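A.B. asks: Let me begin by handing over the structure; questions about it come next.
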Amino acid sequence: MASGLTSEELEKENAVLKQALMQAGAGAHYYASADAVREIKDDMQMPFMGNSGNHCYRMLSDFHELDCREKLNTSSYVNVVLEDEEVKAVNLGMRINIADQTTYPSSFKVHNITLNMIANLWNCPKPADFDDYGAFPGAGTVGSTEACLLGGLCLKFRWRQWYRARHGLSEGQVRGVYPNLVISSCFQAAWEKFFRYMDVEAKFVVPSKDTFAITAEGVKAQIDDKTIGVVCILGNHYGGQYDPVWEIDEMLQQLNEEMGYQVGIHVDGASGAFIAPFQDDVPAWDFRL
């Protein structure tokens with residue numbers, strides 16, 4: 001036979017399909033569906049017959065219930081409450097692949113509008129090619145982890161060009177140099193991924209238990225010519241304290257001039273980047289430095 005099955009095998013398969021259809025049409029069950037009372041022998045494999053949409057939603061909803069009591073979640077970086085309009089907006093985005101801006105130009109325009117708003121909020125200088133692209137340099141990311149990884153890579157590639165010229169190395173030779181990044185020991189887990197996967201050494205500055213913030217002196221002691229940059233956390237996840245970006249910036253300007261370095265700062269916005277712009281008593285911490 002064309003299918004490669006014998007008549008006996010086809011009859012057996014038809015019997016399985018009939019039984020599955022009978023279960024699917026058995027009507028509502030107080031467990032949500034007949035699927036819910038069927039034993040799953042192996043949850044590592046794709047099932048021979050799909051489950052009903054109602055059952056799949058109920059199953060996911062039950063898992064969600066164990067993790068996401070939003071009104072009780074006051075200790076993490078997630079929103080505790082979502083308004084109905086926010087949920088509707090998120091659902092609109094599920095139909096869009098924002099990576100393909102040629103297919104979804106209007107959606108990418110929304111991306112750039114949002115990008116420009118944030119750039120202005122953080123006092124980002126307008127680039128020379130702004131009129132060509134209509135947007136500041138930057139990109140929307142899936143979350144803070146991707147943002148940290150991309151920011152760290154920018155520091156690494158910038159440092160690599162500088163270090164290669166400083167020591168007269170070839171492209172291949174400079175790739176064999178193990179750089180480092182200076183950061184508070186109050187860092188979030190995203191930076192551990194950066195150190196491991198992007199091949200960068202972590203140089204930690206342990207903050208005082210009284211301030212939970214690093215100091216310019218502590219940062220300076222960790223810097224050498226293999227330092228790609230310094231991460232300042234604007235609102236760590238222990239108590240929301242701000243690292244003194246303004247003091248570290250002043251120290252770095254002096255150190256760079258004295259040693260011929262090109263060490264810059266990446267501000268990890270954490271929980272403070274959308275709060276600090278509206279605090280009158282916070283010194284300059286953003287692109288004004």
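Residues are referred to by chain and number: the chain letter is A, B, ... according to the order shown in the structure tokens, the number counts from 1 in that chain, and ligands are numbered separately from 1 in the order shown.
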Please, which residues of stretch 92-266 of chain A, numbered as in this document, come out strand (DSSP E) from DSSP, as a PyMOL selection string?
C.D. replies: chain A and resi 180-184+201-205+227-233+264-266
A.B. asks: Export all heavy atoms of the chosen residues as a short mmCIF file (atom, residue, chain, number, x, y, z; two decimals), in the first residue's frame?
C.D. replies:
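Saved file part02.cif follows:
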```cif
data_model
loop_
_atom_site.label_atom_id
_atom_site.label_comp_id
_atom_site.auth_asym_id
_atom_site.auth_seq_id
_atom_site.Cartn_x
_atom_site.Cartn_y
_atom_site.Cartn_z
N ASN A 180 38.43 42.48 31.16
CA ASN A 180 37.66 42.43 32.40
C ASN A 180 36.65 43.58 32.45
O ASN A 180 36.76 44.56 31.72
CB ASN A 180 38.58 42.47 33.62
CG ASN A 180 39.37 43.77 33.72
OD1 ASN A 180 38.83 44.82 34.08
ND2 ASN A 180 40.66 43.72 33.39
N LEU A 181 35.68 43.42 33.32
CA LEU A 181 34.64 44.42 33.54
C LEU A 181 34.49 44.62 35.04
O LEU A 181 34.39 43.66 35.80
CB LEU A 181 33.32 43.96 32.93
CG LEU A 181 32.11 44.89 33.08
CD1 LEU A 181 32.30 46.15 32.24
CD2 LEU A 181 30.82 44.18 32.65
N VAL A 182 34.47 45.88 35.47
CA VAL A 182 34.37 46.20 36.89
C VAL A 182 32.90 46.43 37.24
O VAL A 182 32.20 47.19 36.56
CB VAL A 182 35.20 47.45 37.24
CG1 VAL A 182 35.07 47.78 38.73
CG2 VAL A 182 36.67 47.23 36.87
N ILE A 183 32.43 45.78 38.32
CA ILE A 183 31.02 45.86 38.67
C ILE A 183 30.85 45.60 40.17
O ILE A 183 31.67 44.95 40.81
CB ILE A 183 30.21 44.82 37.86
CG1 ILE A 183 28.71 45.04 37.98
CG2 ILE A 183 30.59 43.40 38.27
CD1 ILE A 183 27.89 44.17 37.03
N SER A 184 29.76 46.11 40.72
CA SER A 184 29.42 45.88 42.12
C SER A 184 29.05 44.42 42.33
O SER A 184 28.51 43.75 41.45
CB SER A 184 28.23 46.77 42.52
OG SER A 184 27.69 46.36 43.75
N GLU A 201 36.32 38.66 32.18
CA GLU A 201 36.57 38.45 33.61
C GLU A 201 35.79 39.47 34.44
O GLU A 201 35.73 40.66 34.10
CB GLU A 201 38.06 38.60 33.90
CG GLU A 201 38.42 38.47 35.37
CD GLU A 201 39.87 38.81 35.66
OE1 GLU A 201 40.58 39.26 34.73
OE2 GLU A 201 40.28 38.64 36.83
N ALA A 202 35.22 39.01 35.53
CA ALA A 202 34.51 39.91 36.44
C ALA A 202 35.47 40.42 37.51
O ALA A 202 36.17 39.64 38.14
CB ALA A 202 33.34 39.18 37.10
N LYS A 203 35.49 41.73 37.69
CA LYS A 203 36.25 42.33 38.79
C LYS A 203 35.23 43.02 39.70
O LYS A 203 34.66 44.06 39.34
CB LYS A 203 37.28 43.33 38.25
CG LYS A 203 38.52 42.68 37.67
CD LYS A 203 39.66 43.67 37.56
CE LYS A 203 40.96 42.99 37.21
NZ LYS A 203 42.10 43.95 37.20
N PHE A 204 35.02 42.44 40.86
CA PHE A 204 33.97 42.90 41.74
C PHE A 204 34.46 43.96 42.72
O PHE A 204 35.58 43.89 43.24
CB PHE A 204 33.38 41.74 42.53
CG PHE A 204 32.69 40.71 41.67
CD1 PHE A 204 33.12 39.40 41.65
CD2 PHE A 204 31.61 41.07 40.88
CE1 PHE A 204 32.50 38.45 40.86
CE2 PHE A 204 30.97 40.13 40.08
CZ PHE A 204 31.41 38.83 40.08
N VAL A 205 33.58 44.91 42.96
CA VAL A 205 33.78 45.91 44.01
C VAL A 205 32.71 45.64 45.06
O VAL A 205 31.51 45.70 44.75
CB VAL A 205 33.66 47.35 43.47
CG1 VAL A 205 33.88 48.35 44.60
CG2 VAL A 205 34.65 47.58 42.34
N THR A 227 40.55 46.62 31.11
CA THR A 227 39.20 46.90 31.58
C THR A 227 38.36 47.49 30.45
O THR A 227 38.70 48.55 29.90
CB THR A 227 39.23 47.88 32.77
OG1 THR A 227 40.00 47.31 33.83
CG2 THR A 227 37.81 48.18 33.26
N ILE A 228 37.28 46.83 30.10
CA ILE A 228 36.43 47.31 29.01
C ILE A 228 35.47 48.39 29.48
O ILE A 228 34.95 49.16 28.67
CB ILE A 228 35.65 46.16 28.36
CG1 ILE A 228 34.63 45.55 29.33
CG2 ILE A 228 36.59 45.09 27.85
CD1 ILE A 228 33.73 44.50 28.71
N GLY A 229 35.21 48.44 30.78
CA GLY A 229 34.28 49.44 31.28
C GLY A 229 33.91 49.19 32.73
O GLY A 229 34.36 48.22 33.36
N VAL A 230 33.08 50.09 33.25
CA VAL A 230 32.58 50.00 34.62
C VAL A 230 31.05 50.01 34.56
O VAL A 230 30.45 50.82 33.85
CB VAL A 230 33.07 51.19 35.47
CG1 VAL A 230 32.45 51.14 36.88
CG2 VAL A 230 34.58 51.21 35.54
N VAL A 231 30.44 49.09 35.30
CA VAL A 231 28.98 49.06 35.39
C VAL A 231 28.56 49.73 36.69
O VAL A 231 29.01 49.35 37.77
CB VAL A 231 28.44 47.61 35.36
CG1 VAL A 231 26.93 47.60 35.62
CG2 VAL A 231 28.75 46.97 34.02
N CYS A 232 27.71 50.72 36.57
CA CYS A 232 27.10 51.36 37.74
C CYS A 232 25.63 50.97 37.77
O CYS A 232 24.93 51.09 36.76
CB CYS A 232 27.24 52.88 37.66
SG CYS A 232 28.94 53.47 37.75
N ILE A 233 25.18 50.52 38.91
CA ILE A 233 23.80 50.04 39.05
C ILE A 233 22.94 51.15 39.64
O ILE A 233 23.25 51.68 40.71
CB ILE A 233 23.73 48.79 39.93
CG1 ILE A 233 24.65 47.70 39.36
CG2 ILE A 233 22.29 48.28 40.03
CD1 ILE A 233 24.77 46.47 40.25
N GLY A 264 34.89 53.45 29.85
CA GLY A 264 33.61 54.13 29.92
C GLY A 264 32.70 53.49 30.96
O GLY A 264 33.08 52.54 31.66
N ILE A 265 31.49 54.00 31.05
CA ILE A 265 30.51 53.52 32.03
C ILE A 265 29.28 52.99 31.32
O ILE A 265 28.79 53.59 30.36
CB ILE A 265 30.08 54.67 32.98
CG1 ILE A 265 31.26 55.16 33.82
CG2 ILE A 265 28.95 54.22 33.90
CD1 ILE A 265 30.92 56.36 34.69
N HIS A 266 28.80 51.84 31.80
CA HIS A 266 27.48 51.38 31.42
C HIS A 266 26.59 51.48 32.65
O HIS A 266 26.90 50.90 33.69
CB HIS A 266 27.49 49.92 30.94
CG HIS A 266 26.12 49.36 30.71
ND1 HIS A 266 25.43 49.56 29.54
CD2 HIS A 266 25.29 48.65 31.52
CE1 HIS A 266 24.23 48.97 29.63
NE2 HIS A 266 24.13 48.41 30.82
#
```
A.B. asks: For A:Ala190, list every protein, DNA or RNA residue within 12 Å, evaluated using only C-alpha atoms, and leave out those in the same chain fewer than 3 positions away; present the list as an NGL selection string.
C.D. replies: :A and (143-152 or 186-187 or 193-198 or 268 or 270)
A.B. asks: Store the residues of this selection in a file with all heavy atoms, as a compact mmCIF listing (two decimals), in the first residue's frame.
C.D. replies:
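To be explicit, this is the file written out as part07.txt:
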```
# COMPACT_ATOMS: atom_id res chain seq x y z
N GLY A 143 14.26 41.83 27.19
CA GLY A 143 14.26 42.13 28.62
C GLY A 143 15.59 42.73 29.04
O GLY A 143 16.46 43.02 28.21
N SER A 144 15.76 42.90 30.34
CA SER A 144 16.97 43.54 30.84
C SER A 144 18.21 42.68 30.61
O SER A 144 19.32 43.21 30.45
CB SER A 144 16.82 43.85 32.34
OG SER A 144 16.57 42.67 33.08
N THR A 145 18.06 41.37 30.57
CA THR A 145 19.21 40.51 30.33
C THR A 145 19.81 40.76 28.96
O THR A 145 21.02 40.95 28.81
CB THR A 145 18.81 39.02 30.45
OG1 THR A 145 18.44 38.74 31.80
CG2 THR A 145 19.97 38.11 30.05
N GLU A 146 18.97 40.80 27.94
CA GLU A 146 19.47 41.08 26.59
C GLU A 146 20.10 42.46 26.52
O GLU A 146 21.12 42.67 25.85
CB GLU A 146 18.35 40.96 25.57
CG GLU A 146 18.84 41.11 24.13
CD GLU A 146 17.72 41.08 23.10
OE1 GLU A 146 16.53 41.03 23.50
OE2 GLU A 146 18.04 41.11 21.90
N ALA A 147 19.51 43.43 27.22
CA ALA A 147 20.06 44.79 27.22
C ALA A 147 21.45 44.80 27.84
O ALA A 147 22.37 45.46 27.32
CB ALA A 147 19.12 45.72 27.98
N CYS A 148 21.64 44.09 28.94
CA CYS A 148 22.96 44.02 29.58
C CYS A 148 23.98 43.33 28.67
O CYS A 148 25.13 43.78 28.56
CB CYS A 148 22.86 43.28 30.91
SG CYS A 148 21.96 44.16 32.21
N LEU A 149 23.57 42.26 28.02
CA LEU A 149 24.48 41.53 27.14
C LEU A 149 24.93 42.41 25.97
O LEU A 149 26.11 42.45 25.62
CB LEU A 149 23.83 40.26 26.63
CG LEU A 149 23.49 39.18 27.67
CD1 LEU A 149 22.81 37.98 27.00
CD2 LEU A 149 24.74 38.73 28.40
N LEU A 150 23.98 43.12 25.36
CA LEU A 150 24.33 43.99 24.23
C LEU A 150 25.20 45.16 24.69
O LEU A 150 26.15 45.54 24.01
CB LEU A 150 23.05 44.50 23.55
CG LEU A 150 22.22 43.46 22.81
CD1 LEU A 150 20.96 44.10 22.23
CD2 LEU A 150 23.02 42.80 21.70
N GLY A 151 24.86 45.75 25.84
CA GLY A 151 25.68 46.84 26.36
C GLY A 151 27.09 46.39 26.67
O GLY A 151 28.07 47.10 26.36
N GLY A 152 27.23 45.20 27.25
CA GLY A 152 28.55 44.67 27.54
C GLY A 152 29.35 44.38 26.30
O GLY A 152 30.56 44.64 26.24
N CYS A 186 26.72 43.55 43.95
CA CYS A 186 25.25 43.54 44.00
C CYS A 186 24.64 43.36 42.61
O CYS A 186 23.47 43.69 42.40
CB CYS A 186 24.73 44.85 44.62
SG CYS A 186 25.12 45.05 46.37
N PHE A 187 25.43 42.86 41.67
CA PHE A 187 24.98 42.73 40.29
C PHE A 187 23.82 41.76 40.16
O PHE A 187 23.65 40.86 40.99
CB PHE A 187 26.14 42.28 39.39
CG PHE A 187 26.57 40.86 39.64
CD1 PHE A 187 26.08 39.82 38.87
CD2 PHE A 187 27.47 40.56 40.65
CE1 PHE A 187 26.48 38.52 39.08
CE2 PHE A 187 27.87 39.25 40.87
CZ PHE A 187 27.37 38.23 40.09
N LYS A 193 25.82 35.83 33.21
CA LYS A 193 25.74 35.26 31.87
C LYS A 193 26.73 35.95 30.94
O LYS A 193 27.38 35.30 30.12
CB LYS A 193 24.33 35.40 31.33
CG LYS A 193 23.27 34.64 32.12
CD LYS A 193 21.88 34.92 31.56
CE LYS A 193 20.81 34.24 32.40
NZ LYS A 193 19.44 34.54 31.91
N PHE A 194 26.84 37.26 31.06
CA PHE A 194 27.77 38.00 30.20
C PHE A 194 29.21 37.54 30.44
O PHE A 194 29.95 37.27 29.49
CB PHE A 194 27.66 39.50 30.47
CG PHE A 194 28.68 40.32 29.72
CD1 PHE A 194 28.53 40.57 28.37
CD2 PHE A 194 29.80 40.82 30.37
CE1 PHE A 194 29.48 41.31 27.67
CE2 PHE A 194 30.74 41.56 29.69
CZ PHE A 194 30.58 41.81 28.34
N PHE A 195 29.61 37.43 31.69
CA PHE A 195 30.98 37.02 31.99
C PHE A 195 31.27 35.62 31.45
O PHE A 195 32.34 35.36 30.91
CB PHE A 195 31.21 37.04 33.51
CG PHE A 195 31.06 38.40 34.13
CD1 PHE A 195 30.32 38.58 35.28
CD2 PHE A 195 31.65 39.51 33.55
CE1 PHE A 195 30.18 39.84 35.85
CE2 PHE A 195 31.51 40.78 34.10
CZ PHE A 195 30.77 40.93 35.26
N ARG A 196 30.31 34.74 31.58
CA ARG A 196 30.53 33.34 31.19
C ARG A 196 30.51 33.17 29.67
O ARG A 196 31.39 32.52 29.10
CB ARG A 196 29.47 32.44 31.83
CG ARG A 196 29.57 30.99 31.41
CD ARG A 196 28.64 30.12 32.22
NE ARG A 196 28.99 30.12 33.64
CZ ARG A 196 28.39 29.39 34.58
NH1 ARG A 196 27.39 28.60 34.23
NH2 ARG A 196 28.77 29.45 35.83
N TYR A 197 29.50 33.73 29.02
CA TYR A 197 29.29 33.46 27.58
C TYR A 197 30.07 34.40 26.68
O TYR A 197 30.37 34.05 25.54
CB TYR A 197 27.81 33.51 27.24
CG TYR A 197 26.97 32.52 28.01
CD1 TYR A 197 25.78 32.90 28.60
CD2 TYR A 197 27.38 31.20 28.15
CE1 TYR A 197 25.01 31.99 29.32
CE2 TYR A 197 26.63 30.28 28.87
CZ TYR A 197 25.45 30.69 29.45
OH TYR A 197 24.70 29.80 30.17
N MET A 198 30.39 35.61 27.17
CA MET A 198 31.10 36.58 26.34
C MET A 198 32.59 36.64 26.67
O MET A 198 33.30 37.50 26.17
CB MET A 198 30.47 37.97 26.48
CG MET A 198 28.99 37.99 26.21
SD MET A 198 28.55 37.26 24.60
CE MET A 198 26.75 37.28 24.70
N ASP A 268 23.50 50.36 34.48
CA ASP A 268 22.45 49.35 34.53
C ASP A 268 21.24 50.01 35.18
O ASP A 268 21.21 50.22 36.39
CB ASP A 268 22.94 48.15 35.33
CG ASP A 268 21.94 46.99 35.34
OD1 ASP A 268 20.77 47.23 34.98
OD2 ASP A 268 22.33 45.87 35.72
N ALA A 270 18.33 49.04 35.93
CA ALA A 270 17.70 48.26 36.99
C ALA A 270 16.33 48.84 37.35
O ALA A 270 15.46 48.98 36.51
CB ALA A 270 18.62 48.19 38.21
```
A.B. asks: State, in Å with one decimal place, the distance from atom CA of A:Pro277 to atom CA of A:Leu234.
C.D. replies: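 Computing the Euclidean distance for atom CA of A:Pro277 and atom CA of A:Leu234 yields 11.4 Å.
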A.B. asks: Report as a PyMOL selection string: the residues of stretch 92-130 of chain A with a DSSP assignment of helix (DSSP H, G or I), based on the backbone of this structure.
C.D. replies: chain A and resi 92-93+105-121+130
A.B. asks: Keeping only N, CA, C and O atoms, take the residues you just selected and write them out as a CSV table (one decimal), in the first residue's frame.
C.D. replies:
```
chain,number,residue,atom,x,y,z
A,92,LEU,N,-1.6,42.5,20.7
A,92,LEU,CA,-1.4,43.0,19.4
A,92,LEU,C,0.1,42.6,18.9
A,92,LEU,O,0.3,42.3,17.8
A,93,GLY,N,1.0,42.8,19.8
A,93,GLY,CA,2.4,42.5,19.4
A,93,GLY,C,2.7,41.1,19.2
A,93,GLY,O,3.7,40.8,18.5
A,105,PRO,N,6.6,48.0,8.9
A,105,PRO,CA,7.2,49.3,9.0
A,105,PRO,C,6.5,50.2,10.1
A,105,PRO,O,7.1,50.9,10.8
A,106,SER,N,5.2,50.0,10.2
A,106,SER,CA,4.4,50.8,11.1
A,106,SER,C,4.8,50.4,12.6
A,106,SER,O,4.9,51.3,13.4
A,107,SER,N,4.9,49.1,12.8
A,107,SER,CA,5.3,48.7,14.1
A,107,SER,C,6.7,49.1,14.5
A,107,SER,O,7.0,49.5,15.6
A,108,PHE,N,7.6,49.1,13.5
A,108,PHE,CA,8.9,49.6,13.7
A,108,PHE,C,9.0,51.1,14.0
A,108,PHE,O,9.8,51.6,14.7
A,109,LYS,N,8.0,51.8,13.4
A,109,LYS,CA,7.9,53.2,13.7
A,109,LYS,C,7.5,53.4,15.2
A,109,LYS,O,8.1,54.3,15.8
A,110,VAL,N,6.6,52.6,15.7
A,110,VAL,CA,6.3,52.7,17.1
A,110,VAL,C,7.5,52.4,18.0
A,110,VAL,O,7.8,53.0,19.0
A,111,HIS,N,8.3,51.4,17.5
A,111,HIS,CA,9.6,51.1,18.2
A,111,HIS,C,10.5,52.3,18.3
A,111,HIS,O,11.0,52.6,19.3
A,112,ASN,N,10.6,53.0,17.2
A,112,ASN,CA,11.5,54.2,17.1
A,112,ASN,C,11.0,55.3,17.9
A,112,ASN,O,11.7,56.1,18.6
A,113,ILE,N,9.7,55.5,17.9
A,113,ILE,CA,9.1,56.5,18.8
A,113,ILE,C,9.4,56.3,20.2
A,113,ILE,O,9.7,57.2,21.0
A,114,THR,N,9.2,55.0,20.7
A,114,THR,CA,9.5,54.7,22.0
A,114,THR,C,11.0,54.9,22.3
A,114,THR,O,11.4,55.4,23.4
A,115,LEU,N,11.8,54.5,21.4
A,115,LEU,CA,13.3,54.6,21.6
A,115,LEU,C,13.7,56.1,21.7
A,115,LEU,O,14.5,56.5,22.6
A,116,ASN,N,13.1,57.0,20.9
A,116,ASN,CA,13.4,58.4,21.0
A,116,ASN,C,12.9,59.0,22.3
A,116,ASN,O,13.6,59.9,22.9
A,117,MET,N,11.8,58.5,22.8
A,117,MET,CA,11.3,59.1,24.1
A,117,MET,C,12.3,58.7,25.2
A,117,MET,O,12.6,59.6,26.0
A,118,ILE,N,12.7,57.5,25.2
A,118,ILE,CA,13.7,57.1,26.3
A,118,ILE,C,15.0,57.8,26.1
A,118,ILE,O,15.6,58.2,27.1
A,119,ALA,N,15.5,58.0,24.9
A,119,ALA,CA,16.7,58.7,24.7
A,119,ALA,C,16.7,60.1,25.2
A,119,ALA,O,17.6,60.6,25.8
A,120,ASN,N,15.6,60.8,24.9
A,120,ASN,CA,15.4,62.1,25.4
A,120,ASN,C,15.2,62.2,26.9
A,120,ASN,O,15.7,63.1,27.6
A,121,LEU,N,14.6,61.2,27.5
A,121,LEU,CA,14.4,61.1,29.0
A,121,LEU,C,15.8,61.0,29.6
A,121,LEU,O,16.0,61.6,30.7
A,130,PHE,N,20.9,61.4,12.6
A,130,PHE,CA,19.5,61.3,13.1
A,130,PHE,C,18.5,61.5,12.0
A,130,PHE,O,17.5,60.7,11.9
```
